[in-house]
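Let me begin by presenting the structure, written as structure tokens, before commenting on it.
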Amino acid sequence: MAERKQPPQDVYALRRIKKRKRLLKRIGLFALISTLLLAVYVNRDFLMSKLRDLTRRHHSVQSNGSLSGGNFPLSVYGGISYQSDTISDLLLILGDAYLYLYQTNGELLESRQHAYGSAMLQAAGDYALVYENGGTRFRLETENQTLYEKTISDKIIFGRVSEDGYTALVTTSDTSACKLIVFDRKGKQIYLRSCVKELVEIAFTKDSGGCYAVSIHTDNGVMKSVVHSYDFQSEKERWVSQPLDMLCISVYNTDGGEVFVLGDVSCSYLDAGGAVLSTYVYPDTLVRGDYADGIAAILLRNDEKRTNTVAMLGGAAAAPVLLDFDTEVKDVAVSDHSVTVQTRAKLETWTIAGQLLAESEIADTYDSFLPVDSYLFLMGYNRIDRLEY
């Protein structure tokens, strides 16, 4: 039997149906793309923040030292304006808009947004204080959460946090030189003091039951610093030190109840009653200093002689042990009862007796370093590397 031919009108109908299907597919695809673009636009801020977090993780780079690979180096936005510290063996990076919490392997644990202008970071133990320099807001952070956030009436000059999570704020005041306000770890105000002289530094006592506050004044054109010991359960001062011939940079408590004061031209040990035990007058210009584990490390520089010296002090009665370097020393830090020194090309770790324990070559692109757990994090202008030291 001959094959039956399809009528011409049926062919035309099929063609119209196919064209209609293709048109409907195009309309559907256009609608889908439009919907996706609209969703991206509406959620652009959230998506951009996630994208920034992801781009902070990079693959390993080739280096001539013992630098870690994996997630390192970390890229840092904002250049030299970022701040870093540690809590609970985590690396904290504070930027203009976020506080980033990194594990030691470089994995981003969490990013917490803040809206603080001139945000500042301070950390101790398991707690981190983020406050608004010149503003009125501050918050207390831990590894797991933001414990609280508060707004006060006066502007914050600076803040400090203790290993127990207590926060001390020095603020402006209309009736005195400044105010000292202390909060417990739950955000409850437990202490308020109006100060007749400006405070430049605060350090908590070991039990967080009080603090050492340093005031400054001038005497015949000479800058003087005075250490005040406060008990948060009393309005009276426990003791006041004699004026020290320095501008205080930092103050530290010690395991024996003494106080170490790092100044611009000298440093001093005070006993538990505020009496001066010893003073070391710097022979050269102070660059920076650090104190921990009963050891003070002070970096000094003589631009005329082009010398760099690290003075190590092991206590009030000990004479300083001096390490001389014929190259620029960038940073110095105390950790694990030893002193680590960063030069332009090396990291060297020394005992308080002046014995070299370890050294490693590094690039000249890093400005400072931060000990975290068993690692050293190398801080550059816009990147952070980890050294397995």
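Each chain in the structure tokens gets a letter, A, B, ..., in the order shown, and its residues are numbered from 1; ligands are numbered from 1 in order too.
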
Any idea what's packed within 12 Å of A:Ala318, counting only C-alpha atoms, ignoring anything in its chain fewer than 5 positions away? Could you give it as a PDB file with N, CA and C atoms, in the first residue's frame?
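Contents of the output file part.pdb:
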ATOM      1  N   TYR A 269      60.361  49.242  87.647  1.00  0.00           N
ATOM      2  CA  TYR A 269      59.627  48.246  88.422  1.00  0.00           C
ATOM      3  C   TYR A 269      59.185  48.889  89.727  1.00  0.00           C
ATOM      4  N   LEU A 277      61.382  50.063  92.697  1.00  0.00           N
ATOM      5  CA  LEU A 277      62.427  49.076  92.965  1.00  0.00           C
ATOM      6  C   LEU A 277      63.652  49.314  92.102  1.00  0.00           C
ATOM      7  N   SER A 278      63.445  49.633  90.834  1.00  0.00           N
ATOM      8  CA  SER A 278      64.569  49.856  89.929  1.00  0.00           C
ATOM      9  C   SER A 278      64.095  50.649  88.726  1.00  0.00           C
ATOM     10  N   THR A 279      65.025  51.330  88.071  1.00  0.00           N
ATOM     11  CA  THR A 279      64.735  52.103  86.867  1.00  0.00           C
ATOM     12  C   THR A 279      65.857  51.899  85.864  1.00  0.00           C
ATOM     13  N   TYR A 280      65.486  51.675  84.624  1.00  0.00           N
ATOM     14  CA  TYR A 280      66.458  51.547  83.540  1.00  0.00           C
ATOM     15  C   TYR A 280      66.252  52.719  82.590  1.00  0.00           C
ATOM     16  N   GLY A 294      57.108  37.738  83.107  1.00  0.00           N
ATOM     17  CA  GLY A 294      58.165  38.264  83.958  1.00  0.00           C
ATOM     18  C   GLY A 294      59.358  38.818  83.205  1.00  0.00           C
ATOM     19  N   ILE A 295      59.255  38.947  81.878  1.00  0.00           N
ATOM     20  CA  ILE A 295      60.366  39.420  81.047  1.00  0.00           C
ATOM     21  C   ILE A 295      59.937  40.673  80.299  1.00  0.00           C
ATOM     22  N   ALA A 296      60.797  41.662  80.292  1.00  0.00           N
ATOM     23  CA  ALA A 296      60.575  42.864  79.493  1.00  0.00           C
ATOM     24  C   ALA A 296      61.577  42.883  78.345  1.00  0.00           C
ATOM     25  N   ALA A 311      67.073  45.364  74.721  1.00  0.00           N
ATOM     26  CA  ALA A 311      67.397  45.208  76.137  1.00  0.00           C
ATOM     27  C   ALA A 311      66.380  44.274  76.770  1.00  0.00           C
ATOM     28  N   MET A 312      66.873  43.220  77.436  1.00  0.00           N
ATOM     29  CA  MET A 312      65.996  42.239  78.079  1.00  0.00           C
ATOM     30  C   MET A 312      66.169  42.336  79.584  1.00  0.00           C
ATOM     31  N   LEU A 313      65.034  42.506  80.289  1.00  0.00           N
ATOM     32  CA  LEU A 313      65.035  42.629  81.747  1.00  0.00           C
ATOM     33  C   LEU A 313      64.254  41.463  82.332  1.00  0.00           C
ATOM     34  N   ILE A 352      66.478  34.838  78.186  1.00  0.00           N
ATOM     35  CA  ILE A 352      66.760  36.045  78.937  1.00  0.00           C
ATOM     36  C   ILE A 352      68.238  36.161  79.266  1.00  0.00           C
ATOM     37  N   ALA A 353      68.966  35.037  79.208  1.00  0.00           N
ATOM     38  CA  ALA A 353      70.404  35.056  79.465  1.00  0.00           C
ATOM     39  C   ALA A 353      71.211  35.408  78.219  1.00  0.00           C
TER      40      ALA A 353
END

Cut-off 12 Å: closest stretch 256-328 of chain A/stretch 337-344 of chain A atom pairs per residue, using only C-alpha atoms, as a tab-separated table:
residue	atom	partner	partner_atom	distance
A:Arg288	CA	A:Val341	CA	11.6
A:Gly289	CA	A:Val339	CA	11.0
A:Asp290	CA	A:Val339	CA	9.3
A:Tyr291	CA	A:Val339	CA	9.7
A:Ala292	CA	A:His337	CA	7.6
A:Asp293	CA	A:His337	CA	5.6
A:Gly294	CA	A:His337	CA	7.7
A:Ile295	CA	A:His337	CA	7.0
A:Ala296	CA	A:Val339	CA	8.6
A:Ala297	CA	A:Val339	CA	6.8
A:Ile298	CA	A:Val339	CA	10.0
A:Leu299	CA	A:Val341	CA	9.1
A:Asn308	CA	A:Thr343	CA	9.7
A:Thr309	CA	A:Val341	CA	10.3
A:Val310	CA	A:Val341	CA	8.1
A:Ala311	CA	A:Val339	CA	10.1
A:Met312	CA	A:Val339	CA	8.0
A:Leu313	CA	A:Val339	CA	10.4
A:Gly314	CA	A:His337	CA	9.7
A:Val321	CA	A:Val339	CA	11.4
A:Leu322	CA	A:Val339	CA	11.8
A:Leu323	CA	A:Val341	CA	9.8
A:Asp324	CA	A:Val341	CA	11.1
A:Phe325	CA	A:Thr343	CA	8.5
A:Asp326	CA	A:Thr343	CA	9.7
A:Thr327	CA	A:Thr343	CA	6.8
A:Glu328	CA	A:Thr343	CA	5.7

Based on the backbone DSSP call, show me all residues of stretch 169-389 of chain A assigned strand (DSSP E), as a CSV table (one decimal) with N, CA and C atoms, in the first residue's frame.
chain,number,residue,atom,x,y,z
A,169,LEU,N,37.0,51.6,80.8
A,169,LEU,CA,37.0,52.6,79.8
A,169,LEU,C,37.4,53.9,80.4
A,170,VAL,N,38.3,54.7,79.8
A,170,VAL,CA,38.6,56.0,80.2
A,170,VAL,C,37.9,56.9,79.2
A,171,THR,N,37.0,57.8,79.7
A,171,THR,CA,36.2,58.7,78.9
A,171,THR,C,36.4,60.1,79.2
A,178,CYS,N,38.9,63.4,83.4
A,178,CYS,CA,38.4,62.2,82.7
A,178,CYS,C,37.7,61.3,83.7
A,179,LYS,N,37.0,60.3,83.2
A,179,LYS,CA,36.3,59.3,84.0
A,179,LYS,C,36.9,57.9,83.8
A,180,LEU,N,36.9,57.1,84.8
A,180,LEU,CA,37.3,55.7,84.7
A,180,LEU,C,36.0,54.9,85.0
A,181,ILE,N,35.5,54.1,84.0
A,181,ILE,CA,34.3,53.3,84.2
A,181,ILE,C,34.7,51.9,84.0
A,182,VAL,N,34.2,51.0,84.9
A,182,VAL,CA,34.6,49.5,84.8
A,182,VAL,C,33.3,48.7,84.8
A,183,PHE,N,33.2,47.7,83.9
A,183,PHE,CA,32.1,46.9,83.7
A,183,PHE,C,32.6,45.4,83.9
A,189,GLN,N,27.9,47.9,85.2
A,189,GLN,CA,28.9,48.8,85.7
A,189,GLN,C,29.1,48.5,87.1
A,190,ILE,N,30.4,48.4,87.5
A,190,ILE,CA,30.8,48.1,88.9
A,190,ILE,C,31.7,49.1,89.5
A,191,TYR,N,32.1,50.1,88.7
A,191,TYR,CA,33.0,51.1,89.3
A,191,TYR,C,33.0,52.4,88.4
A,192,LEU,N,33.0,53.5,89.1
A,192,LEU,CA,33.0,54.8,88.4
A,192,LEU,C,33.9,55.7,89.2
A,193,ARG,N,34.9,56.4,88.6
A,193,ARG,CA,35.7,57.3,89.2
A,193,ARG,C,36.0,58.5,88.4
A,194,SER,N,35.8,59.7,89.0
A,194,SER,CA,36.2,61.0,88.3
A,194,SER,C,37.6,61.3,88.7
A,195,CYS,N,38.4,61.5,87.7
A,195,CYS,CA,39.9,61.7,87.9
A,195,CYS,C,40.3,63.2,87.7
A,199,LEU,N,44.3,60.3,82.6
A,199,LEU,CA,44.8,59.0,82.6
A,199,LEU,C,45.3,58.6,81.2
A,200,VAL,N,46.4,57.9,81.1
A,200,VAL,CA,47.0,57.5,79.8
A,200,VAL,C,47.1,56.0,79.6
A,201,GLU,N,46.9,55.3,80.7
A,201,GLU,CA,47.1,53.8,80.6
A,201,GLU,C,46.4,53.2,81.8
A,202,ILE,N,45.9,51.9,81.6
A,202,ILE,CA,45.3,51.1,82.6
A,202,ILE,C,45.8,49.7,82.5
A,203,ALA,N,46.0,49.0,83.6
A,203,ALA,CA,46.2,47.6,83.6
A,203,ALA,C,45.5,47.0,84.8
A,204,PHE,N,44.7,45.9,84.6
A,204,PHE,CA,44.0,45.2,85.6
A,204,PHE,C,45.0,44.5,86.6
A,210,GLY,N,40.8,45.1,90.8
A,210,GLY,CA,41.2,46.5,90.8
A,210,GLY,C,42.1,46.7,89.6
A,211,CYS,N,42.7,47.9,89.6
A,211,CYS,CA,43.6,48.2,88.4
A,211,CYS,C,44.7,49.2,88.8
A,212,TYR,N,45.6,49.3,87.9
A,212,TYR,CA,46.7,50.3,88.0
A,212,TYR,C,46.4,51.3,86.9
A,213,ALA,N,46.2,52.6,87.3
A,213,ALA,CA,45.9,53.6,86.4
A,213,ALA,C,47.1,54.6,86.4
A,214,VAL,N,47.5,55.1,85.3
A,214,VAL,CA,48.7,56.0,85.2
A,214,VAL,C,48.2,57.4,84.7
A,215,SER,N,48.4,58.4,85.6
A,215,SER,CA,48.1,59.8,85.2
A,215,SER,C,49.4,60.5,84.8
A,216,ILE,N,49.3,61.6,84.1
A,216,ILE,CA,50.5,62.3,83.7
A,216,ILE,C,50.3,63.8,84.0
A,217,HIS,N,51.4,64.5,84.2
A,217,HIS,CA,51.4,65.9,84.4
A,217,HIS,C,52.9,66.4,84.1
A,218,THR,N,53.0,67.7,84.0
A,218,THR,CA,54.3,68.3,83.7
A,218,THR,C,54.8,69.0,85.0
A,219,ASP,N,56.1,68.9,85.2
A,219,ASP,CA,56.7,69.6,86.3
A,219,ASP,C,58.0,70.3,85.8
A,222,VAL,N,59.0,69.1,82.5
A,222,VAL,CA,59.4,67.6,82.4
A,222,VAL,C,58.1,66.8,82.6
A,223,MET,N,57.9,65.8,81.7
A,223,MET,CA,56.8,65.0,81.8
A,223,MET,C,56.9,64.0,82.9
A,224,LYS,N,55.9,63.9,83.7
A,224,LYS,CA,55.9,62.9,84.9
A,224,LYS,C,54.7,62.0,84.8
A,225,SER,N,54.9,60.7,85.2
A,225,SER,CA,53.9,59.7,85.2
A,225,SER,C,53.7,59.2,86.7
A,226,VAL,N,52.5,59.1,87.1
A,226,VAL,CA,52.2,58.6,88.5
A,226,VAL,C,51.2,57.4,88.4
A,227,VAL,N,51.6,56.4,89.0
A,227,VAL,CA,50.8,55.1,89.0
A,227,VAL,C,49.8,55.1,90.3
A,228,HIS,N,48.5,54.9,90.0
A,228,HIS,CA,47.5,54.9,91.1
A,228,HIS,C,47.0,53.4,91.1
A,229,SER,N,46.9,52.9,92.3
A,229,SER,CA,46.3,51.6,92.5
A,229,SER,C,44.9,51.7,93.1
A,230,TYR,N,43.9,51.2,92.3
A,230,TYR,CA,42.5,51.3,92.7
A,230,TYR,C,41.9,49.9,93.0
A,231,ASP,N,41.1,49.9,94.0
A,231,ASP,CA,40.3,48.7,94.4
A,231,ASP,C,38.8,49.0,94.0
A,237,GLU,N,42.1,55.4,97.1
A,237,GLU,CA,43.2,54.7,96.4
A,237,GLU,C,43.9,53.8,97.4
A,238,ARG,N,44.4,52.7,96.9
A,238,ARG,CA,45.2,51.8,97.7
A,238,ARG,C,46.6,52.4,97.9
A,239,TRP,N,47.2,52.9,96.8
A,239,TRP,CA,48.4,53.6,97.0
A,239,TRP,C,48.7,54.5,95.7
A,240,VAL,N,49.6,55.4,95.9
A,240,VAL,CA,50.0,56.3,94.8
A,240,VAL,C,51.5,56.3,94.7
A,248,CYS,N,54.4,57.6,80.4
A,248,CYS,CA,54.1,56.1,80.4
A,248,CYS,C,53.5,55.7,79.0
A,249,ILE,N,54.1,54.6,78.5
A,249,ILE,CA,53.6,54.0,77.2
A,249,ILE,C,52.6,52.9,77.6
A,250,SER,N,53.0,52.0,78.5
A,250,SER,CA,52.2,50.9,78.9
A,250,SER,C,52.5,50.5,80.4
A,251,VAL,N,51.6,49.9,81.0
A,251,VAL,CA,51.8,49.4,82.4
A,251,VAL,C,51.3,48.0,82.5
A,252,TYR,N,52.0,47.2,83.3
A,252,TYR,CA,51.7,45.7,83.3
A,252,TYR,C,51.7,45.3,84.8
A,253,ASN,N,50.9,44.3,85.1
A,253,ASN,CA,51.0,43.7,86.4
A,253,ASN,C,52.0,42.5,86.3
A,259,VAL,N,54.6,45.9,89.7
A,259,VAL,CA,54.1,46.6,88.5
A,259,VAL,C,55.3,47.0,87.7
A,260,PHE,N,55.2,46.8,86.4
A,260,PHE,CA,56.2,47.2,85.4
A,260,PHE,C,55.7,48.3,84.6
A,261,VAL,N,56.4,49.5,84.5
A,261,VAL,CA,56.0,50.6,83.8
A,261,VAL,C,56.9,50.9,82.6
A,262,LEU,N,56.4,50.8,81.4
A,262,LEU,CA,57.2,51.1,80.2
A,262,LEU,C,57.0,52.6,79.8
A,263,GLY,N,58.1,53.4,79.8
A,263,GLY,CA,58.0,54.8,79.5
A,263,GLY,C,58.7,55.1,78.2
A,266,SER,N,62.5,55.8,79.9
A,266,SER,CA,63.0,54.8,80.9
A,266,SER,C,61.9,53.9,81.2
A,267,CYS,N,62.2,52.8,82.0
A,267,CYS,CA,61.2,51.9,82.5
A,267,CYS,C,61.5,51.6,83.9
A,268,SER,N,60.4,51.3,84.7
A,268,SER,CA,60.6,51.1,86.1
A,268,SER,C,59.8,49.9,86.6
A,269,TYR,N,60.4,49.2,87.6
A,269,TYR,CA,59.6,48.2,88.4
A,269,TYR,C,59.2,48.9,89.7
A,270,LEU,N,57.9,48.7,90.1
A,270,LEU,CA,57.4,49.1,91.4
A,270,LEU,C,57.0,47.9,92.2
A,276,VAL,N,59.4,52.5,94.1
A,276,VAL,CA,60.2,52.2,92.9
A,276,VAL,C,61.3,51.2,93.4
A,277,LEU,N,61.4,50.1,92.7
A,277,LEU,CA,62.4,49.1,93.0
A,277,LEU,C,63.7,49.3,92.1
A,278,SER,N,63.4,49.6,90.8
A,278,SER,CA,64.6,49.9,89.9
A,278,SER,C,64.1,50.6,88.7
A,279,THR,N,65.0,51.3,88.1
A,279,THR,CA,64.7,52.1,86.9
A,279,THR,C,65.9,51.9,85.9
A,280,TYR,N,65.5,51.7,84.6
A,280,TYR,CA,66.5,51.5,83.5
A,280,TYR,C,66.3,52.7,82.6
A,281,VAL,N,67.3,53.6,82.5
A,281,VAL,CA,67.2,54.7,81.6
A,281,VAL,C,67.8,54.3,80.3
A,285,THR,N,67.0,55.8,71.6
A,285,THR,CA,65.6,56.1,71.4
A,285,THR,C,64.7,54.8,71.5
A,286,LEU,N,63.6,54.9,72.2
A,286,LEU,CA,62.7,53.8,72.3
A,286,LEU,C,61.9,53.6,71.0
A,287,VAL,N,61.9,52.4,70.4
A,287,VAL,CA,61.1,52.1,69.3
A,287,VAL,C,59.8,51.4,69.7
A,288,ARG,N,59.9,50.4,70.5
A,288,ARG,CA,58.8,49.7,71.1
A,288,ARG,C,59.2,48.7,72.2
A,289,GLY,N,58.3,48.2,73.0
A,289,GLY,CA,58.6,47.3,74.0
A,289,GLY,C,57.5,46.3,74.3
A,290,ASP,N,57.8,45.3,75.0
A,290,ASP,CA,56.8,44.3,75.4
A,290,ASP,C,57.1,43.7,76.7
A,291,TYR,N,56.1,43.2,77.4
A,291,TYR,CA,56.3,42.5,78.7
A,291,TYR,C,55.3,41.4,78.8
A,292,ALA,N,55.9,40.2,79.3
A,292,ALA,CA,55.1,39.0,79.6
A,292,ALA,C,56.0,38.0,80.3
A,295,ILE,N,59.3,38.9,81.9
A,295,ILE,CA,60.4,39.4,81.0
A,295,ILE,C,59.9,40.7,80.3
A,296,ALA,N,60.8,41.7,80.3
A,296,ALA,CA,60.6,42.9,79.5
A,296,ALA,C,61.6,42.9,78.3
A,297,ALA,N,61.1,43.2,77.2
A,297,ALA,CA,62.0,43.3,76.0
A,297,ALA,C,61.8,44.7,75.4
A,298,ILE,N,62.9,45.5,75.3
A,298,ILE,CA,62.8,46.9,74.9
A,298,ILE,C,63.7,47.1,73.7
A,299,LEU,N,63.1,47.6,72.6
A,299,LEU,CA,63.8,47.8,71.3
A,299,LEU,C,64.2,49.3,71.3
A,300,LEU,N,65.5,49.5,71.2
A,300,LEU,CA,66.1,50.8,71.1
A,300,LEU,C,66.9,51.0,69.8
A,301,ARG,N,66.9,52.3,69.4
A,301,ARG,CA,67.6,52.6,68.1
A,301,ARG,C,68.4,53.9,68.2
A,302,ASN,N,69.6,53.9,67.6
A,302,ASN,CA,70.4,55.0,67.5
A,302,ASN,C,70.6,55.3,66.0
A,307,THR,N,72.5,51.8,64.8
A,307,THR,CA,72.5,50.6,65.7
A,307,THR,C,71.1,50.3,66.2
A,308,ASN,N,70.8,49.0,66.4
A,308,ASN,CA,69.6,48.6,67.0
A,308,ASN,C,70.0,47.7,68.2
A,309,THR,N,69.3,47.9,69.4
A,309,THR,CA,69.6,47.2,70.6
A,309,THR,C,68.3,46.7,71.2
A,310,VAL,N,68.3,45.4,71.6
A,310,VAL,CA,67.2,44.9,72.4
A,310,VAL,C,67.7,44.7,73.8
A,311,ALA,N,67.1,45.4,74.7
A,311,ALA,CA,67.4,45.2,76.1
A,311,ALA,C,66.4,44.3,76.8
A,312,MET,N,66.9,43.2,77.4
A,312,MET,CA,66.0,42.2,78.1
A,312,MET,C,66.2,42.3,79.6
A,313,LEU,N,65.0,42.5,80.3
A,313,LEU,CA,65.0,42.6,81.7
A,313,LEU,C,64.3,41.5,82.3
A,321,VAL,N,70.2,42.5,79.9
A,321,VAL,CA,71.0,41.8,78.9
A,321,VAL,C,70.8,42.4,77.6
A,322,LEU,N,71.8,42.9,76.9
A,322,LEU,CA,71.7,43.6,75.7
A,322,LEU,C,72.1,42.8,74.4
A,323,LEU,N,71.2,42.9,73.4
A,323,LEU,CA,71.5,42.2,72.1
A,323,LEU,C,71.7,43.3,71.1
A,324,ASP,N,72.8,43.4,70.5
A,324,ASP,CA,73.1,44.4,69.5
A,324,ASP,C,73.0,43.8,68.1
A,325,PHE,N,72.4,44.6,67.2
A,325,PHE,CA,72.1,44.2,65.8
A,325,PHE,C,72.7,45.3,64.9
A,329,VAL,N,66.0,46.4,63.2
A,329,VAL,CA,65.1,45.5,64.0
A,329,VAL,C,63.7,46.1,63.9
A,330,LYS,N,62.7,45.3,63.4
A,330,LYS,CA,61.4,45.8,63.1
A,330,LYS,C,60.4,45.6,64.3
A,331,ASP,N,60.6,44.5,65.0
A,331,ASP,CA,59.6,44.2,66.0
A,331,ASP,C,60.3,43.3,67.1
A,332,VAL,N,59.7,43.2,68.3
A,332,VAL,CA,60.2,42.4,69.4
A,332,VAL,C,59.0,42.0,70.2
A,333,ALA,N,58.9,40.8,70.7
A,333,ALA,CA,57.8,40.3,71.5
A,333,ALA,C,58.3,39.2,72.5
A,334,VAL,N,57.6,39.1,73.6
A,334,VAL,CA,57.9,38.1,74.6
A,334,VAL,C,56.8,37.1,74.6
A,335,SER,N,57.2,35.8,74.5
A,335,SER,CA,56.3,34.7,74.6
A,335,SER,C,57.0,33.4,75.0
A,338,SER,N,60.6,33.7,76.6
A,338,SER,CA,61.7,34.0,75.7
A,338,SER,C,61.4,35.2,74.9
A,339,VAL,N,62.4,35.8,74.2
A,339,VAL,CA,62.2,37.0,73.4
A,339,VAL,C,62.5,36.7,72.0
A,340,THR,N,61.5,37.1,71.1
A,340,THR,CA,61.7,36.9,69.7
A,340,THR,C,61.9,38.3,69.0
A,341,VAL,N,62.9,38.3,68.2
A,341,VAL,CA,63.3,39.6,67.5
A,341,VAL,C,63.2,39.4,66.0
A,342,GLN,N,62.5,40.4,65.4
A,342,GLN,CA,62.4,40.4,63.9
A,342,GLN,C,63.3,41.5,63.3
A,343,THR,N,64.2,41.0,62.5
A,343,THR,CA,65.0,41.9,61.7
A,343,THR,C,64.5,42.0,60.3
A,346,LYS,N,65.4,38.1,59.2
A,346,LYS,CA,65.4,37.0,60.1
A,346,LYS,C,64.4,37.1,61.3
A,347,LEU,N,64.0,36.0,61.8
A,347,LEU,CA,63.4,35.9,63.2
A,347,LEU,C,64.3,35.2,64.1
A,348,GLU,N,64.7,35.7,65.2
A,348,GLU,CA,65.6,35.1,66.2
A,348,GLU,C,64.9,35.0,67.5
A,349,THR,N,65.0,33.9,68.2
A,349,THR,CA,64.5,33.8,69.6
A,349,THR,C,65.6,33.6,70.6
A,350,TRP,N,65.6,34.4,71.6
A,350,TRP,CA,66.6,34.4,72.6
A,350,TRP,C,66.1,34.1,74.0
A,356,LEU,N,70.9,32.1,72.0
A,356,LEU,CA,70.1,32.0,70.8
A,356,LEU,C,69.4,30.6,70.8
A,357,LEU,N,68.1,30.6,70.7
A,357,LEU,CA,67.4,29.3,70.7
A,357,LEU,C,67.0,28.9,69.3
A,358,ALA,N,66.6,29.8,68.5
A,358,ALA,CA,66.1,29.4,67.1
A,358,ALA,C,66.2,30.6,66.2
A,359,GLU,N,66.2,30.4,64.9
A,359,GLU,CA,66.2,31.5,64.0
A,359,GLU,C,65.7,31.0,62.6
A,360,SER,N,65.1,31.9,61.9
A,360,SER,CA,64.5,31.5,60.6
A,360,SER,C,64.6,32.7,59.7
A,361,GLU,N,64.9,32.5,58.4
A,361,GLU,CA,65.0,33.5,57.4
A,361,GLU,C,63.6,33.9,57.0
A,366,TYR,N,57.4,41.9,55.7
A,366,TYR,CA,56.6,41.9,56.9
A,366,TYR,C,57.0,43.0,57.8
A,367,ASP,N,56.1,43.6,58.4
A,367,ASP,CA,56.3,44.8,59.3
A,367,ASP,C,56.4,44.4,60.8
A,368,SER,N,55.7,43.3,61.2
A,368,SER,CA,55.7,42.9,62.6
A,368,SER,C,55.2,41.4,62.6
A,369,PHE,N,55.1,40.8,63.8
A,369,PHE,CA,54.7,39.5,63.9
A,369,PHE,C,53.8,39.3,65.2
A,370,LEU,N,53.1,38.2,65.3
A,370,LEU,CA,52.2,38.0,66.4
A,370,LEU,C,52.3,36.5,66.8
A,371,PRO,N,52.7,36.2,68.0
A,371,PRO,CA,52.7,34.8,68.4
A,371,PRO,C,51.3,34.3,68.7
A,372,VAL,N,50.9,33.1,68.2
A,372,VAL,CA,49.6,32.5,68.4
A,372,VAL,C,49.9,31.0,68.6
A,375,TYR,N,52.7,29.1,66.7
A,375,TYR,CA,53.0,29.7,65.4
A,375,TYR,C,53.4,31.2,65.6
A,376,LEU,N,54.0,31.7,64.6
A,376,LEU,CA,54.2,33.1,64.5
A,376,LEU,C,53.5,33.6,63.2
A,377,PHE,N,52.6,34.6,63.4
A,377,PHE,CA,51.9,35.2,62.3
A,377,PHE,C,52.6,36.4,61.8
A,378,LEU,N,53.0,36.5,60.6
A,378,LEU,CA,53.8,37.6,60.0
A,378,LEU,C,52.9,38.6,59.4
A,379,MET,N,52.9,39.8,59.9
A,379,MET,CA,52.0,40.8,59.4
A,379,MET,C,52.6,41.7,58.4
A,380,GLY,N,52.1,41.8,57.2
A,380,GLY,CA,52.5,42.7,56.2
A,380,GLY,C,51.5,43.7,55.9
A,383,ARG,N,48.8,41.5,53.8
A,383,ARG,CA,48.8,40.1,53.8
A,383,ARG,C,49.3,39.6,55.2
A,384,ILE,N,48.9,38.4,55.5
A,384,ILE,CA,49.3,37.8,56.8
A,384,ILE,C,49.7,36.4,56.4
A,385,ASP,N,50.9,36.0,56.8
A,385,ASP,CA,51.4,34.6,56.6
A,385,ASP,C,51.7,34.0,58.0
A,386,ARG,N,51.8,32.7,58.0
A,386,ARG,CA,52.0,31.9,59.2
A,386,ARG,C,53.4,31.2,59.1
A,387,LEU,N,54.2,31.3,60.1
A,387,LEU,CA,55.5,30.6,60.2
A,387,LEU,C,55.4,29.5,61.2

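Pairwise distance (atom CA of A:Lys186, atom CA of A:Thr254) equals 26.0 Å.
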
request  = Counting only C-alpha atoms, figure out which residue out of A:Ala345, A:Leu90, A:Ser162, A:Gln113 gets nearest to A:Asp364.
outcome  = A:Ala345

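Residue nearest A:Arg112 within the list A:Asp184, A:Glu235, A:Glu198, A:Asp96: A:Asp96 [criterion: smallest interatomic distance, only C-alpha atoms].
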
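Shell of A:Glu163 at 9 Å, with only C-alpha atoms counted and residues fewer than 6 places along the chain excluded, is A:Ala123, A:Ala124, A:Gly125, A:Asp126, A:Tyr127, A:Phe204, A:Lys206, A:Asp207, A:Ser208.
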
Residues within 7 Å of A:Gly135, only C-alpha atoms, excluding chain neighbours under 2 positions, as a list in words = Glu132, Asn133, Arg137, Lys155 and Ile156 of chain A

May I have the selected residues written with N, CA and C atoms, as an mmCIF file, in the first residue's frame?
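This went into selection.cif:
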data_model
loop_
_atom_site.group_PDB
_atom_site.id
_atom_site.type_symbol
_atom_site.label_atom_id
_atom_site.label_comp_id
_atom_site.auth_asym_id
_atom_site.auth_seq_id
_atom_site.Cartn_x
_atom_site.Cartn_y
_atom_site.Cartn_z
ATOM 1 N N GLU A 132 34.752 52.223 70.115
ATOM 2 C CA GLU A 132 34.771 53.322 69.170
ATOM 3 C C GLU A 132 35.590 54.464 69.755
ATOM 4 N N ASN A 133 36.800 54.646 69.236
ATOM 5 C CA ASN A 133 37.658 55.716 69.725
ATOM 6 C C ASN A 133 37.039 57.069 69.379
ATOM 7 N N ARG A 137 30.284 53.845 71.780
ATOM 8 C CA ARG A 137 29.854 52.447 71.736
ATOM 9 C C ARG A 137 31.030 51.493 71.943
ATOM 10 N N LYS A 155 32.358 60.309 75.635
ATOM 11 C CA LYS A 155 33.172 59.760 74.555
ATOM 12 C C LYS A 155 34.336 58.947 75.107
ATOM 13 N N ILE A 156 34.617 57.831 74.443
ATOM 14 C CA ILE A 156 35.663 56.910 74.890
ATOM 15 C C ILE A 156 37.028 57.407 74.405
#

ask   = What is the distance between atom CA of A:Tyr77 and atom CA of A:Phe158, in Å to one decimal?
value = 24.2 Å

request  = May I have the residues within 7 Å of stretch 97-100 of chain A as an NGL selection string, using only C-alpha atoms and disregarding those fewer than 5 positions away in the same chain?
outcome  = :A and (92 or 110-115)

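Taking atom CA of A:Glu258 and atom CA of A:Val130 as the two end points, the separation is 28.1 Å.
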
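Nearest-residue note for A:Ala275: choosing from A:Thr86, A:Ala316, A:Asp255, A:Leu247, the minimum distance belongs to A:Ala316, counting only C-alpha atoms.
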